file input.cif (mmCIF, C-alpha atoms and all ligand atoms)
data_structure
#
loop_
_atom_site.group_PDB
_atom_site.id
_atom_site.type_symbol
_atom_site.label_atom_id
_atom_site.label_comp_id
_atom_site.auth_asym_id
_atom_site.auth_seq_id
_atom_site.Cartn_x
_atom_site.Cartn_y
_atom_site.Cartn_z
ATOM 1 C CA MET A 1427 54.782 -13.994 128.448
ATOM 2 C CA GLY A 1428 51.366 -15.505 129.197
ATOM 3 C CA ILE A 1429 49.697 -18.471 127.575
ATOM 4 C CA LEU A 1430 49.887 -18.331 123.786
ATOM 5 C CA THR A 1431 46.542 -18.287 122.043
ATOM 6 C CA ARG A 1432 46.185 -19.124 118.373
ATOM 7 C CA PHE A 1433 43.845 -17.170 116.140
ATOM 8 C CA SER A 1434 43.393 -17.077 112.395
ATOM 9 C CA VAL A 1435 43.528 -13.996 110.235
ATOM 10 C CA ALA A 1436 42.021 -13.566 106.794
ATOM 11 C CA MET A 1437 44.297 -11.612 104.499
ATOM 12 C CA ASP A 1438 44.587 -10.822 100.827
ATOM 13 C CA GLU A 1439 47.035 -13.307 99.201
ATOM 14 C CA GLU A 1440 49.238 -10.625 97.727
ATOM 15 C CA LEU A 1441 49.402 -8.712 100.975
ATOM 16 C CA LEU A 1442 50.332 -11.909 102.826
ATOM 17 C CA ALA A 1443 53.070 -12.697 100.278
ATOM 18 C CA ARG A 1444 54.523 -9.243 100.791
ATOM 19 C CA PHE A 1445 54.307 -9.655 104.545
ATOM 20 C CA ASP A 1446 56.174 -12.980 104.303
ATOM 21 C CA ASP A 1447 58.896 -11.271 102.246
ATOM 22 C CA LEU A 1448 59.199 -8.658 104.946
ATOM 23 C CA VAL A 1449 59.412 -11.320 107.659
ATOM 24 C CA ALA A 1450 62.053 -13.235 105.654
ATOM 25 C CA ARG A 1451 64.221 -10.134 105.405
ATOM 26 C CA ARG A 1452 64.364 -9.959 109.171
ATOM 27 C CA GLY A 1453 66.168 -13.322 109.332
ATOM 28 C CA SER A 1454 65.471 -16.888 110.347
ATOM 29 C CA ALA A 1455 64.919 -16.025 114.012
ATOM 30 C CA VAL A 1456 61.708 -14.216 113.156
ATOM 31 C CA ASN A 1457 58.565 -15.990 111.980
ATOM 32 C CA ARG A 1458 55.109 -14.759 111.036
ATOM 33 C CA SER A 1459 53.788 -15.019 114.574
ATOM 34 C CA GLU A 1460 56.665 -13.080 116.063
ATOM 35 C CA ALA A 1461 56.319 -10.408 113.387
ATOM 36 C CA VAL A 1462 52.582 -10.047 114.066
ATOM 37 C CA ARG A 1463 53.255 -9.818 117.821
ATOM 38 C CA ASP A 1464 55.743 -7.003 117.135
ATOM 39 C CA LEU A 1465 53.166 -5.116 115.085
ATOM 40 C CA VAL A 1466 50.547 -5.501 117.812
ATOM 41 C CA ARG A 1467 52.997 -4.261 120.471
ATOM 42 C CA ASP A 1468 53.848 -1.245 118.312
ATOM 43 C CA ALA A 1469 50.171 -0.448 117.863
ATOM 44 C CA LEU A 1470 49.578 -0.705 121.626
ATOM 45 C CA VAL A 1471 52.502 1.624 122.357
ATOM 46 C CA ASP A 1472 51.164 4.106 119.807
ATOM 47 C CA ALA A 1473 47.707 3.961 121.369
ATOM 48 C CA GLU A 1474 49.151 4.583 124.822
ATOM 49 C CA TRP A 1475 51.106 7.513 123.426
ATOM 50 C CA GLU A 1476 48.015 9.002 121.879
ATOM 51 C CA ASP A 1477 46.180 8.819 125.190
ATOM 52 C CA SER A 1478 48.781 10.990 126.911
ATOM 53 C CA ALA A 1479 47.535 14.428 127.990
ATOM 54 C CA GLY A 1480 50.625 16.459 127.084
ATOM 55 C CA GLU A 1481 51.533 18.190 123.870
ATOM 56 C CA ILE A 1482 52.727 15.965 121.078
ATOM 57 C CA VAL A 1483 54.308 16.646 117.729
ATOM 58 C CA GLY A 1484 53.295 14.548 114.777
ATOM 59 C CA THR A 1485 54.643 14.193 111.279
ATOM 60 C CA VAL A 1486 52.115 13.320 108.644
ATOM 61 C CA THR A 1487 53.710 11.746 105.582
ATOM 62 C CA MET A 1488 51.599 11.217 102.498
ATOM 63 C CA VAL A 1489 51.903 10.391 98.830
ATOM 64 C CA PHE A 1490 49.308 11.565 96.339
ATOM 65 C CA ASP A 1491 48.767 12.194 92.648
ATOM 66 C CA HIS A 1492 48.498 15.948 92.161
ATOM 67 C CA HIS A 1493 46.506 15.360 88.961
ATOM 68 C CA ALA A 1494 43.718 13.719 90.962
ATOM 69 C CA SER A 1495 40.811 16.201 90.695
ATOM 70 C CA ASP A 1496 41.203 19.070 93.162
ATOM 71 C CA LEU A 1497 43.184 17.034 95.681
ATOM 72 C CA SER A 1498 46.064 19.520 96.069
ATOM 73 C CA ASP A 1499 43.571 22.320 96.784
ATOM 74 C CA LYS A 1500 41.728 20.220 99.324
ATOM 75 C CA LEU A 1501 44.924 19.303 101.154
ATOM 76 C CA ASP A 1502 46.012 22.965 101.132
ATOM 77 C CA SER A 1503 42.654 24.144 102.472
ATOM 78 C CA LEU A 1504 42.826 21.639 105.301
ATOM 79 C CA GLN A 1505 46.259 22.912 106.268
ATOM 80 C CA HIS A 1506 45.154 26.551 106.150
ATOM 81 C CA ALA A 1507 42.153 25.702 108.318
ATOM 82 C CA HIS A 1508 44.576 24.429 110.978
ATOM 83 C CA HIS A 1509 47.408 26.902 110.351
ATOM 84 C CA GLU A 1510 47.928 27.483 114.085
ATOM 85 C CA ARG A 1511 48.745 23.786 114.525
ATOM 86 C CA ILE A 1512 50.770 23.235 111.354
ATOM 87 C CA VAL A 1513 54.402 23.998 112.145
ATOM 88 C CA SER A 1514 55.891 23.283 108.745
ATOM 89 C CA SER A 1515 55.371 21.340 105.571
ATOM 90 C CA MET A 1516 57.616 20.003 102.852
ATOM 91 C CA HIS A 1517 56.508 19.142 99.354
ATOM 92 C CA VAL A 1518 58.573 16.942 97.039
ATOM 93 C CA HIS A 1519 57.599 16.305 93.408
ATOM 94 C CA LEU A 1520 58.487 12.598 93.221
ATOM 95 C CA ASP A 1521 57.834 12.141 89.513
ATOM 96 C CA ALA A 1522 55.519 13.534 86.825
ATOM 97 C CA HIS A 1523 52.419 12.549 88.829
ATOM 98 C CA ASN A 1524 53.253 11.819 92.422
ATOM 99 C CA CYS A 1525 53.895 14.222 95.244
ATOM 100 C CA LEU A 1526 55.266 13.510 98.695
ATOM 101 C CA GLU A 1527 54.233 15.809 101.498
ATOM 102 C CA VAL A 1528 55.533 15.793 105.055
ATOM 103 C CA ILE A 1529 53.628 17.996 107.489
ATOM 104 C CA VAL A 1530 54.644 18.728 111.074
ATOM 105 C CA VAL A 1531 51.669 19.198 113.410
ATOM 106 C CA ARG A 1532 51.734 20.256 117.036
ATOM 107 C CA GLY A 1533 48.993 19.978 119.662
ATOM 108 C CA THR A 1534 47.259 17.494 121.922
ATOM 109 C CA SER A 1535 47.179 13.967 120.604
ATOM 110 C CA GLU A 1536 43.494 14.451 119.830
ATOM 111 C CA GLN A 1537 44.125 17.591 117.764
ATOM 112 C CA VAL A 1538 47.067 16.053 115.908
ATOM 113 C CA ARG A 1539 45.132 12.849 115.232
ATOM 114 C CA ALA A 1540 42.125 14.796 113.912
ATOM 115 C CA ILE A 1541 44.251 16.810 111.473
ATOM 116 C CA ALA A 1542 46.142 13.699 110.352
ATOM 117 C CA ASP A 1543 42.885 11.776 109.844
ATOM 118 C CA GLY A 1544 41.525 14.655 107.768
ATOM 119 C CA LEU A 1545 44.582 14.751 105.536
ATOM 120 C CA LEU A 1546 45.097 11.002 105.200
ATOM 121 C CA GLY A 1547 41.393 10.397 104.723
ATOM 122 C CA THR A 1548 41.139 12.775 101.800
ATOM 123 C CA LYS A 1549 40.108 10.849 98.709
ATOM 124 C CA GLY A 1550 43.093 10.336 96.391
ATOM 125 C CA VAL A 1551 45.795 10.141 99.062
ATOM 126 C CA LYS A 1552 47.519 6.889 98.098
ATOM 127 C CA HIS A 1553 49.504 6.214 101.195
ATOM 128 C CA GLY A 1554 50.223 7.975 104.389
ATOM 129 C CA LYS A 1555 51.084 7.700 108.024
ATOM 130 C CA LEU A 1556 51.145 9.724 111.202
ATOM 131 C CA VAL A 1557 54.220 9.346 113.376
ATOM 132 C CA SER A 1558 53.902 10.897 116.809
ATOM 133 C CA THR A 1559 56.621 12.126 119.078
ATOM 134 C CA THR A 1560 56.752 14.529 121.998
ATOM 135 C CA THR A 1561 58.641 17.441 123.435
ATOM 136 C CA GLY A 1562 58.958 15.420 126.600
ATOM 137 C CA LYS A 1563 56.846 17.817 128.701
ATOM 138 C CA GLY A 1564 53.962 15.386 128.897
ATOM 139 C CA LEU A 1565 56.057 12.391 129.911
HETATM 140 NI NI NI B 1601 54.270 17.959 93.613
#
call {"tool": "encode", "arguments": {"input": "input.cif", "output": "structure tokens"}}
result
Amino acid sequence: MGILTRFSVAMDEELLARFDDLVARRGSAVNRSEAVRDLVRDALVDAEWEDSAGEIVGTVTMVFDHHASDLSDKLDSLQHAHHERIVSSMHVHLDAHNCLEVIVVRGTSEQVRAIADGLLGTKGVKHGKLVSTTTGKGL
């Protein structure tokens, strides 16, 4: 490890409180700084992964309210537009309003990222994340 540099971060109080809860759950050996370092390392690994030239497989997980305007149609259209890259999708009706969708996408990191950004960036998607993995061919 190199020289430690301090920097300050502005964060919403509620978000910080939730982050502290998360840090506390990981035990007394972990403090805020260590937890932030872990997050930064994860992000750097992800970025490196996304720069790889080989084929990757991504799972896009998202939660949305199917009552929100024409959101379901929009998400469906996006998937049909990229049908050759969408391997599979699973839809779970979480409760009366909320749906969970998990979509498996295959392609270069750029293609997978573009499809994931399109889906996750659709107005009304409450939460979502792309998790990338690989067949190993590009490693
Ligand atoms: Ni549903």
call {"tool": "closest_atom_pairs", "arguments": {"input": "input.cif", "of": "chain A", "to": "ligand NI 1601 (chain B)", "cutoff": "9 Å", "atoms": "all atoms listed in the file", "output": "CSV"}}
result
residue,atom,partner,partner_atom,distance
A:Phe1490,CA,B:NI1601,NI,8.5
A:Asp1491,CA,B:NI1601,NI,8.0
A:His1492,CA,B:NI1601,NI,6.3
A:Ser1498,CA,B:NI1601,NI,8.7
A:His1517,CA,B:NI1601,NI,6.3
A:Val1518,CA,B:NI1601,NI,5.6
A:His1519,CA,B:NI1601,NI,3.7
A:Leu1520,CA,B:NI1601,NI,6.8
A:Asp1521,CA,B:NI1601,NI,8.0
A:Ala1522,CA,B:NI1601,NI,8.2
A:His1523,CA,B:NI1601,NI,7.5
A:Asn1524,CA,B:NI1601,NI,6.3
A:Cys1525,CA,B:NI1601,NI,4.1
A:Leu1526,CA,B:NI1601,NI,6.8
A:Glu1527,CA,B:NI1601,NI,8.2
call {"tool": "resolve_selection", "arguments": {"input": "input.cif", "expression": "the PyMOL selection byres (((chain A and resi 1551-1554) around 10) and not hetatm)", "output": "list of chain:residue names"}}
result
A:Val1486, A:Thr1487, A:Met1488, A:Val1489, A:Phe1490, A:Asp1491, A:His1492, A:Ala1494, A:Leu1497, A:Ser1498, A:Leu1501, A:Asn1524, A:Cys1525, A:Leu1526, A:Glu1527, A:Val1528, A:Ala1542, A:Asp1543, A:Leu1545, A:Leu1546, A:Gly1547, A:Thr1548, A:Lys1549, A:Gly1550, A:Lys1555, A:Leu1556, A:Val1557
call {"tool": "resolve_selection", "arguments": {"input": "input.cif", "expression": "the PyMOL selection byres (((chain A and resi 1540) around 12) and not hetatm)", "output": "list of chain:residue names"}}
result
A:Glu1476, A:Gly1484, A:Val1486, A:Leu1504, A:Gln1505, A:His1508, A:Arg1511, A:Val1531, A:Arg1532, A:Gly1533, A:Thr1534, A:Ser1535, A:Glu1536, A:Gln1537, A:Val1538, A:Arg1539, A:Ile1541, A:Ala1542, A:Asp1543, A:Gly1544, A:Leu1545, A:Leu1546, A:Gly1547, A:Leu1556
call {"tool": "axis_aligned_box", "arguments": {"input": "input.cif", "around": "range 1434-1444 of chain A", "padding_each_side": "4 Å", "output": "lines of an AutoDock Vina configuration file"}}
result
center_x = 48.3
center_y = -12.9
center_z = 105.1
size_x = 20.5
size_y = 16.4
size_z = 22.7
call {"tool": "atom_distance", "arguments": {"input": "input.cif", "atom1": "CA of Thr1485 in chain A", "atom2": "CA of Val1530 in chain A"}}
result
4.5 Å
call {"tool": "closest_residue", "arguments": {"input": "input.cif", "among": "A:Gly1453, A:Thr1559, A:Ala1479, A:Ile1529", "to": "Asp1502 in chain A", "atoms": "all atoms listed in the file"}}
result
A:Ile1529
